[in-house]
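Participant: Structure below; questions to follow.
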Amino acid sequence: MRIAFIVSRFPALSQTFILNQITGLIDREHRVDIYAVQSDNNPRIHPDVTKYNLLNHTYYFRELPSGKLRRYIEITGLIIKYFYKKPRSLLKTWRLSSRGKGSILKILCAGFPFLDKEPYDIIHCHFGPNGILGTTLKDTGVIEGKVVTTFHGYDITSYMRKHGDNVYNSLFLKGDMFLPISERWKNKLVELGCSERKIAVHRMGIDTNKFHFASDRNRRDGKVRLLTIARLIEKKGIQYAIQAVGVALKKYPNIEYCVVGDGPLKITLKGLIEELNIGNNVKLLGWKQQEEILELMKNTDILITPSVVSKDGDEEGIPVVLMEALAQGMPVLSTQHSGIPELVQDGESGFLVPERNVEALADKLEILIKHPEIWSEMGRKGRAYVERYYNIDKLNDKLVKLYQRVLLGTF
């Protein structure tokens with residue numbers, strides 16, 4: 001099959017879940033091209049981007065020029081180029097623009113990379129807004145293929161709060177398949193009016209073979225090592241984990257807590273650490289390469305992922321880092337947020353607490369620190385659950401079958 005992925009950023013270190021799908025499809029001898037709204041502009045890239053030579057198959061949408069004159073010149077040039085190659089697409093684009101489906105220049109800039117490409121079998125759009133873009137470009141005739149849209153989290157929460165509950169009505173009508181990453185988001189799509197026959201829950205996953213399972217996580221040198229890996233943004237809830245660790249340190253001064261990631265809340269979190277006077281025990285490490293993260297996880301006892309609904313309504317999907325930790329036999333401490341309860345078995349592979357509840361986080365953290373003998377059993381249950389439901393190899397086989405079904409019209 002010829003498959004086009006439409007994504008917001010590529011390559012993006014924080015979106016290995018998309019990369020795992022792309023490389024899995026290539027391993028299954030499908031042709032994959034990637035169309036991105038923009039580059040991540042991060043000098044650090046995942047090793048698989050290089051291994052699979054993905055940048056040579058990545059195309060970026062043209063940026064909208066600033067200033068009326070520049071836009072006029074740009075649109076004139078693109079119209080000439082489009083009219084020569086695809087006159088019908090240009091006329092359709094003009095009609096869509098006049099109906100309020102988006103500015104003609106924006107549609108042309110998005111469609112430009114597709115001009116010289118052969119038709120695709122599947123156009124897989126990650127996140128709802130890119131699904132809208134995919135169906136719009138298909139309407140113009142710029143691209144051909146079945147449009148598949150994966151919904152993750154922000155696209156069905158804060159994005160809808162900003163743009164309204166009807167923002168996906170046209171996508172639900174014109175899209176061919178919808179793949180929410182959790183049962184929670186499937187129910188939300190049905191509630192919004194998406195036909196249930198077009199929906200299949202398709203989870204993001206990991207390559208469990210890349211994660212060494214450690215059945216015994218005995219304390220080393222008397223310390224308990226905690227880890228969070230996340231962007232430093234509100235919905236990750238890191239401030240609550242820092243506060244909970246501050247509480248736990250009063251009883252257990254042997255805690256070491258590392259936070260891997262960067263983002264707009266870095267200064268705020270640094271100030272909180274200083275305010276609590278726990279800088280000797282809590283460290284903000286910034287972004288790390290995948291190999292560095294794996295090494296940190298090998299030496300970690302407990303992963304903390306205290307996700308919350310942000311003030312603008314933004315929610316997680318299911319954090320991939322939780323899958324990675326469970327695959328390594330690590331007990332986890334997280335929250336009853338979004339699809340996380342579909343992954344973490346509360347009381348079995350880890351503990352889940354209400355969002356923003358520092359006291360509950362500290363209490364469950366104390367239980368884990370006080371009873372290291374339960375870590376091994378939690379680790380075995382977590383690994384088994386991830387292998388069964390979140391193994392990317394099995395999930396990519398399922399994805400190919402879903403593609404085939406939508407192509408045959410049996411979905």
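Numbering starts fresh at 1 for the residues of each chain in the structure tokens, the chains themselves are lettered A, B, ... in the order given, and ligands are numbered from 1 as they appear.
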Could you name the residues that touch His337 of chain A at 9 Å or less, counting only C-alpha atoms, but leaving out those on the same chain fewer than 6 positions away, as a list in words?

Facilitator: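 What passes the distance filter is Pro306, Ser307, Val308, Val309, Glu315, Glu316, Gly317, Ile318, Leu352, Val353, Pro354 and Glu355 of chain A.
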
Participant: Would you mind listing what lies within 8 Å of Cys258 of chain A as a ChimeraX atom specification, with only C-alpha atoms counted and same-chain residues fewer than 6 positions away left out?

Facilitator: /A:225-228,282-285

Participant: From the list A:Arg356, A:Ile278, A:Asp363, A:Asp48, which residue is nearest Gly24 of chain A when using only C-alpha atoms?

Facilitator: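 Between A:Arg356, A:Ile278, A:Asp363, A:Asp48, the residue approaching Gly24 of chain A most closely is A:Asp48.
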
Participant: If we count only C-alpha atoms and set the cut-off at 7 Å, which residues sit around Cys194 of chain A, ignoring sequence neighbours fewer than 3 positions away in its own chain? Please answer as a list of chain:residue names.

Facilitator: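 Final neighbour list, sorted by chain and number: A:Phe172, A:Leu189, A:Val190.
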
Participant: Got a sec: who's within 10 Å of Ser182 of chain A, counting only C-alpha atoms, leaving out chain neighbours fewer than 6 positions off, as an MDAnalysis selection string?

Facilitator: chainID A and resid 151:153 188 200:204 317:318 338:340 342:343

Participant: Using only C-alpha atoms, I'd like a table of the residues in segment 120-216 of chain A that come within 8 Å of segment 328-335 of chain A; for each, show the closest atom pair and its distance in Å rounded to one decimal, ordered by chain and ascending number, as JSON lines.

Facilitator:
{"residue": "A:Phe211", "atom": "CA", "partner": "A:Gln328", "partner_atom": "CA", "distance": 5.7}
{"residue": "A:His212", "atom": "CA", "partner": "A:Gln328", "partner_atom": "CA", "distance": 5.5}
{"residue": "A:Phe213", "atom": "CA", "partner": "A:Gln328", "partner_atom": "CA", "distance": 4.1}
{"residue": "A:Ala214", "atom": "CA", "partner": "A:Gly329", "partner_atom": "CA", "distance": 5.6}
{"residue": "A:Ser215", "atom": "CA", "partner": "A:Gly329", "partner_atom": "CA", "distance": 6.1}

Participant: Could you dump the residues just selected with N, CA and C atoms as an mmCIF file, in the first residue's frame?

Facilitator:
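That gives us again-v4.cif:
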data_model
loop_
_atom_site.group_PDB
_atom_site.id
_atom_site.type_symbol
_atom_site.label_atom_id
_atom_site.label_comp_id
_atom_site.auth_asym_id
_atom_site.auth_seq_id
_atom_site.Cartn_x
_atom_site.Cartn_y
_atom_site.Cartn_z
ATOM 1 N N PHE A 211 12.719 -2.973 25.434
ATOM 2 C CA PHE A 211 12.718 -2.617 26.855
ATOM 3 C C PHE A 211 13.004 -3.849 27.698
ATOM 4 N N HIS A 212 14.141 -3.797 28.371
ATOM 5 C CA HIS A 212 14.577 -4.927 29.193
ATOM 6 C C HIS A 212 13.720 -5.018 30.453
ATOM 7 N N PHE A 213 13.164 -6.202 30.667
ATOM 8 C CA PHE A 213 12.332 -6.417 31.844
ATOM 9 C C PHE A 213 13.209 -6.779 33.037
ATOM 10 N N ALA A 214 13.148 -5.961 34.075
ATOM 11 C CA ALA A 214 13.904 -6.222 35.303
ATOM 12 C C ALA A 214 12.922 -6.690 36.368
ATOM 13 N N SER A 215 12.978 -7.987 36.691
ATOM 14 C CA SER A 215 12.022 -8.553 37.644
ATOM 15 C C SER A 215 12.330 -8.159 39.076
#

Participant: Mind the document's chain letters and residue numbers, and return as a CSV table (one decimal) with N, CA and C atoms, in the first residue's frame the residues of segment 151-400 of chain A that DSSP labels strand (DSSP E).

Facilitator:
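The resulting file, result-v6.csv, is reproduced below:
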chain,number,residue,atom,x,y,z
A,177,MET,N,-12.5,6.5,8.2
A,177,MET,CA,-12.3,5.7,9.4
A,177,MET,C,-11.7,6.5,10.5
A,178,PHE,N,-12.1,6.2,11.7
A,178,PHE,CA,-11.6,7.0,12.9
A,178,PHE,C,-11.1,6.0,13.9
A,224,VAL,N,15.9,5.6,46.9
A,224,VAL,CA,14.8,5.3,46.1
A,224,VAL,C,14.7,6.3,45.0
A,225,ARG,N,14.8,5.8,43.7
A,225,ARG,CA,14.9,6.7,42.6
A,225,ARG,C,13.6,6.8,41.9
A,226,LEU,N,13.1,8.0,41.7
A,226,LEU,CA,11.8,8.3,41.1
A,226,LEU,C,12.1,9.1,39.8
A,227,LEU,N,11.2,8.9,38.8
A,227,LEU,CA,11.4,9.6,37.5
A,227,LEU,C,10.1,10.0,36.9
A,228,THR,N,10.1,11.2,36.3
A,228,THR,CA,9.1,11.7,35.4
A,228,THR,C,9.7,12.1,34.1
A,229,ILE,N,9.0,11.7,33.0
A,229,ILE,CA,9.5,12.0,31.7
A,229,ILE,C,8.3,12.7,30.9
A,255,ILE,N,15.2,9.8,49.0
A,255,ILE,CA,14.5,9.9,47.7
A,255,ILE,C,15.4,10.7,46.8
A,256,GLU,N,15.5,10.2,45.5
A,256,GLU,CA,16.0,11.0,44.4
A,256,GLU,C,15.0,11.1,43.3
A,257,TYR,N,14.6,12.3,42.9
A,257,TYR,CA,13.5,12.5,41.9
A,257,TYR,C,14.1,13.3,40.8
A,258,CYS,N,14.0,12.7,39.6
A,258,CYS,CA,14.5,13.3,38.4
A,258,CYS,C,13.4,13.6,37.4
A,259,VAL,N,13.3,14.8,36.8
A,259,VAL,CA,12.3,15.1,35.8
A,259,VAL,C,13.0,15.4,34.5
A,260,VAL,N,12.7,14.5,33.5
A,260,VAL,CA,13.3,14.7,32.2
A,260,VAL,C,12.3,15.4,31.3
A,282,VAL,N,15.6,16.8,44.2
A,282,VAL,CA,14.8,16.9,43.0
A,282,VAL,C,15.5,17.7,41.9
A,283,LYS,N,15.7,17.0,40.7
A,283,LYS,CA,16.5,17.6,39.6
A,283,LYS,C,15.7,17.7,38.4
A,284,LEU,N,15.7,18.9,37.7
A,284,LEU,CA,15.2,19.0,36.3
A,284,LEU,C,16.3,18.8,35.4
A,285,LEU,N,16.3,17.8,34.6
A,285,LEU,CA,17.4,17.4,33.7
A,285,LEU,C,17.3,17.9,32.3
A,286,GLY,N,16.2,18.5,31.9
A,286,GLY,CA,16.0,18.9,30.5
A,286,GLY,C,15.8,17.7,29.6
A,302,ILE,N,10.6,3.8,40.5
A,302,ILE,CA,9.2,4.2,40.3
A,302,ILE,C,9.0,5.3,39.4
A,303,LEU,N,8.1,5.2,38.4
A,303,LEU,CA,7.8,6.2,37.5
A,303,LEU,C,6.5,7.0,38.0
A,304,ILE,N,6.6,8.3,37.9
A,304,ILE,CA,5.4,9.1,38.3
A,304,ILE,C,4.9,9.9,37.1
A,305,THR,N,3.6,9.8,36.8
A,305,THR,CA,3.0,10.5,35.7
A,305,THR,C,1.7,11.1,36.2
A,332,VAL,N,4.3,2.0,38.7
A,332,VAL,CA,4.0,3.4,38.3
A,332,VAL,C,3.0,4.0,39.3
A,333,LEU,N,3.1,5.4,39.4
A,333,LEU,CA,2.2,6.2,40.2
A,333,LEU,C,1.6,7.2,39.2
A,334,SER,N,0.3,7.2,39.0
A,334,SER,CA,-0.3,8.1,38.0
A,334,SER,C,-1.7,8.5,38.5
A,335,THR,N,-2.5,9.1,37.6
A,335,THR,CA,-3.8,9.6,38.0
A,335,THR,C,-4.9,9.0,37.3
A,350,GLY,N,0.4,-0.7,39.5
A,350,GLY,CA,0.8,0.6,40.0
A,350,GLY,C,-0.4,1.2,40.8
A,351,PHE,N,-0.4,2.5,41.1
A,351,PHE,CA,-1.5,3.1,41.8
A,351,PHE,C,-2.0,4.3,41.0
A,352,LEU,N,-3.3,4.6,41.1
A,352,LEU,CA,-3.9,5.7,40.4
A,352,LEU,C,-4.6,6.5,41.5
A,353,VAL,N,-4.4,7.8,41.5
A,353,VAL,CA,-5.0,8.7,42.4
A,353,VAL,C,-5.8,9.8,41.7

Participant: For Leu115 of chain A, please output as a ChimeraX atom specification all residues within 7 Å (counting only C-alpha atoms; exclusion window: fewer than 3 positions along the same chain).

Facilitator: /A:111-112,142

Participant: DSSP on the backbone: what in segment 27-264 of chain A comes out alpha helix (DSSP H), as a PyMOL selection string?

Facilitator: chain A and resi 27+47-51+68-85+87-98+104-111+128-140+158-163+169-174+183-192+238-248

Participant: Selection from above, C-alpha atoms, as an mmCIF file, in the first residue's frame, can you write it?

Facilitator:
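As a result, part26.cif now contains:
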data_model
loop_
_atom_site.group_PDB
_atom_site.id
_atom_site.type_symbol
_atom_site.label_atom_id
_atom_site.label_comp_id
_atom_site.auth_asym_id
_atom_site.auth_seq_id
_atom_site.Cartn_x
_atom_site.Cartn_y
_atom_site.Cartn_z
ATOM 1 C CA ASP A 27 8.997 -3.016 7.889
ATOM 2 C CA PRO A 47 17.630 7.162 15.837
ATOM 3 C CA ASP A 48 14.878 5.512 13.756
ATOM 4 C CA VAL A 49 14.442 8.722 11.754
ATOM 5 C CA THR A 50 17.997 8.240 10.494
ATOM 6 C CA LYS A 51 17.846 4.432 10.303
ATOM 7 C CA LYS A 68 -0.720 41.415 1.996
ATOM 8 C CA LEU A 69 1.633 42.064 -0.920
ATOM 9 C CA ARG A 70 3.703 38.953 -0.288
ATOM 10 C CA ARG A 71 0.523 36.888 0.057
ATOM 11 C CA TYR A 72 -0.817 38.307 -3.214
ATOM 12 C CA ILE A 73 2.413 37.425 -5.026
ATOM 13 C CA GLU A 74 2.464 33.976 -3.421
ATOM 14 C CA ILE A 75 -1.131 33.159 -4.280
ATOM 15 C CA THR A 76 -0.661 34.319 -7.888
ATOM 16 C CA GLY A 77 2.357 32.062 -8.316
ATOM 17 C CA LEU A 78 0.628 29.068 -6.725
ATOM 18 C CA ILE A 79 -2.515 29.543 -8.817
ATOM 19 C CA ILE A 80 -0.420 29.499 -11.987
ATOM 20 C CA LYS A 81 1.393 26.386 -10.794
ATOM 21 C CA TYR A 82 -1.809 24.632 -9.729
ATOM 22 C CA PHE A 83 -3.746 25.577 -12.855
ATOM 23 C CA TYR A 84 -1.050 24.110 -15.078
ATOM 24 C CA LYS A 85 -0.930 20.823 -13.154
ATOM 25 C CA PRO A 87 -6.918 22.965 -12.966
ATOM 26 C CA ARG A 88 -9.925 21.101 -11.531
ATOM 27 C CA SER A 89 -8.319 21.091 -8.092
ATOM 28 C CA LEU A 90 -7.825 24.837 -8.268
ATOM 29 C CA LEU A 91 -11.477 25.443 -9.139
ATOM 30 C CA LYS A 92 -12.609 23.169 -6.312
ATOM 31 C CA THR A 93 -10.245 24.963 -3.932
ATOM 32 C CA TRP A 94 -11.745 28.287 -4.953
ATOM 33 C CA ARG A 95 -15.273 26.993 -4.321
ATOM 34 C CA LEU A 96 -14.328 25.547 -0.930
ATOM 35 C CA SER A 97 -12.729 28.846 0.037
ATOM 36 C CA SER A 98 -15.825 30.801 -0.963
ATOM 37 C CA ILE A 104 -7.519 29.628 -0.633
ATOM 38 C CA LEU A 105 -3.892 30.430 0.166
ATOM 39 C CA LYS A 106 -3.871 28.183 3.217
ATOM 40 C CA ILE A 107 -5.339 25.287 1.246
ATOM 41 C CA LEU A 108 -2.882 25.832 -1.603
ATOM 42 C CA CYS A 109 0.079 25.975 0.776
ATOM 43 C CA ALA A 110 -1.009 22.700 2.349
ATOM 44 C CA GLY A 111 -1.637 21.039 -0.995
ATOM 45 C CA GLY A 128 -8.424 15.759 14.449
ATOM 46 C CA PRO A 129 -7.394 19.108 12.883
ATOM 47 C CA ASN A 130 -5.151 17.236 10.446
ATOM 48 C CA GLY A 131 -8.116 15.013 9.615
ATOM 49 C CA ILE A 132 -10.041 18.140 8.636
ATOM 50 C CA LEU A 133 -7.097 19.173 6.478
ATOM 51 C CA GLY A 134 -6.904 15.727 4.882
ATOM 52 C CA THR A 135 -10.585 15.659 3.891
ATOM 53 C CA THR A 136 -10.370 19.249 2.617
ATOM 54 C CA LEU A 137 -7.414 18.398 0.383
ATOM 55 C CA LYS A 138 -9.241 15.295 -0.828
ATOM 56 C CA ASP A 139 -12.264 17.470 -1.656
ATOM 57 C CA THR A 140 -10.065 19.584 -3.919
ATOM 58 C CA SER A 158 -9.150 21.864 24.364
ATOM 59 C CA TYR A 159 -9.297 22.173 20.553
ATOM 60 C CA MET A 160 -13.047 21.610 20.637
ATOM 61 C CA ARG A 161 -13.489 24.028 23.519
ATOM 62 C CA LYS A 162 -11.866 26.677 21.335
ATOM 63 C CA HIS A 163 -13.610 25.846 18.053
ATOM 64 C CA ASN A 169 -19.132 17.505 11.713
ATOM 65 C CA SER A 170 -17.784 17.627 8.157
ATOM 66 C CA LEU A 171 -14.867 15.326 9.034
ATOM 67 C CA PHE A 172 -17.239 12.753 10.553
ATOM 68 C CA LEU A 173 -19.264 12.806 7.336
ATOM 69 C CA LYS A 174 -16.374 12.668 4.845
ATOM 70 C CA GLU A 183 -12.372 3.588 24.749
ATOM 71 C CA ARG A 184 -12.862 6.955 26.429
ATOM 72 C CA TRP A 185 -12.293 8.819 23.180
ATOM 73 C CA LYS A 186 -14.404 6.327 21.214
ATOM 74 C CA ASN A 187 -17.344 7.117 23.474
ATOM 75 C CA LYS A 188 -16.654 10.829 23.039
ATOM 76 C CA LEU A 189 -16.686 10.536 19.227
ATOM 77 C CA VAL A 190 -20.019 8.690 19.318
ATOM 78 C CA GLU A 191 -21.394 11.337 21.668
ATOM 79 C CA LEU A 192 -20.347 14.023 19.178
ATOM 80 C CA ILE A 238 4.481 17.794 37.469
ATOM 81 C CA GLN A 239 4.062 20.435 40.177
ATOM 82 C CA TYR A 240 1.859 18.024 42.151
ATOM 83 C CA ALA A 241 4.483 15.290 41.961
ATOM 84 C CA ILE A 242 7.143 17.719 43.203
ATOM 85 C CA GLN A 243 4.930 18.719 46.112
ATOM 86 C CA ALA A 244 4.189 15.066 46.936
ATOM 87 C CA VAL A 245 7.887 14.222 46.879
ATOM 88 C CA GLY A 246 8.449 17.190 49.197
ATOM 89 C CA VAL A 247 5.981 15.624 51.648
ATOM 90 C CA ALA A 248 7.520 12.149 51.348
#

Participant: Could you state the separation of atom CA of Phe5 of chain A and atom CA of Ile34 of chain A in Å, given to one decimal place?

Facilitator: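 That distance, rounded to one decimal, is 4.8 Å.
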
Participant: So how many Å separate atom CA of Met378 of chain A and atom CA of Asp301 of chain A, to one decimal?

Facilitator: 11.7 Å

Participant: How far is it from atom CA of Ala230 of chain A to atom CA of Thr157 of chain A, in Å with one decimal?

Facilitator: 19.3 Å
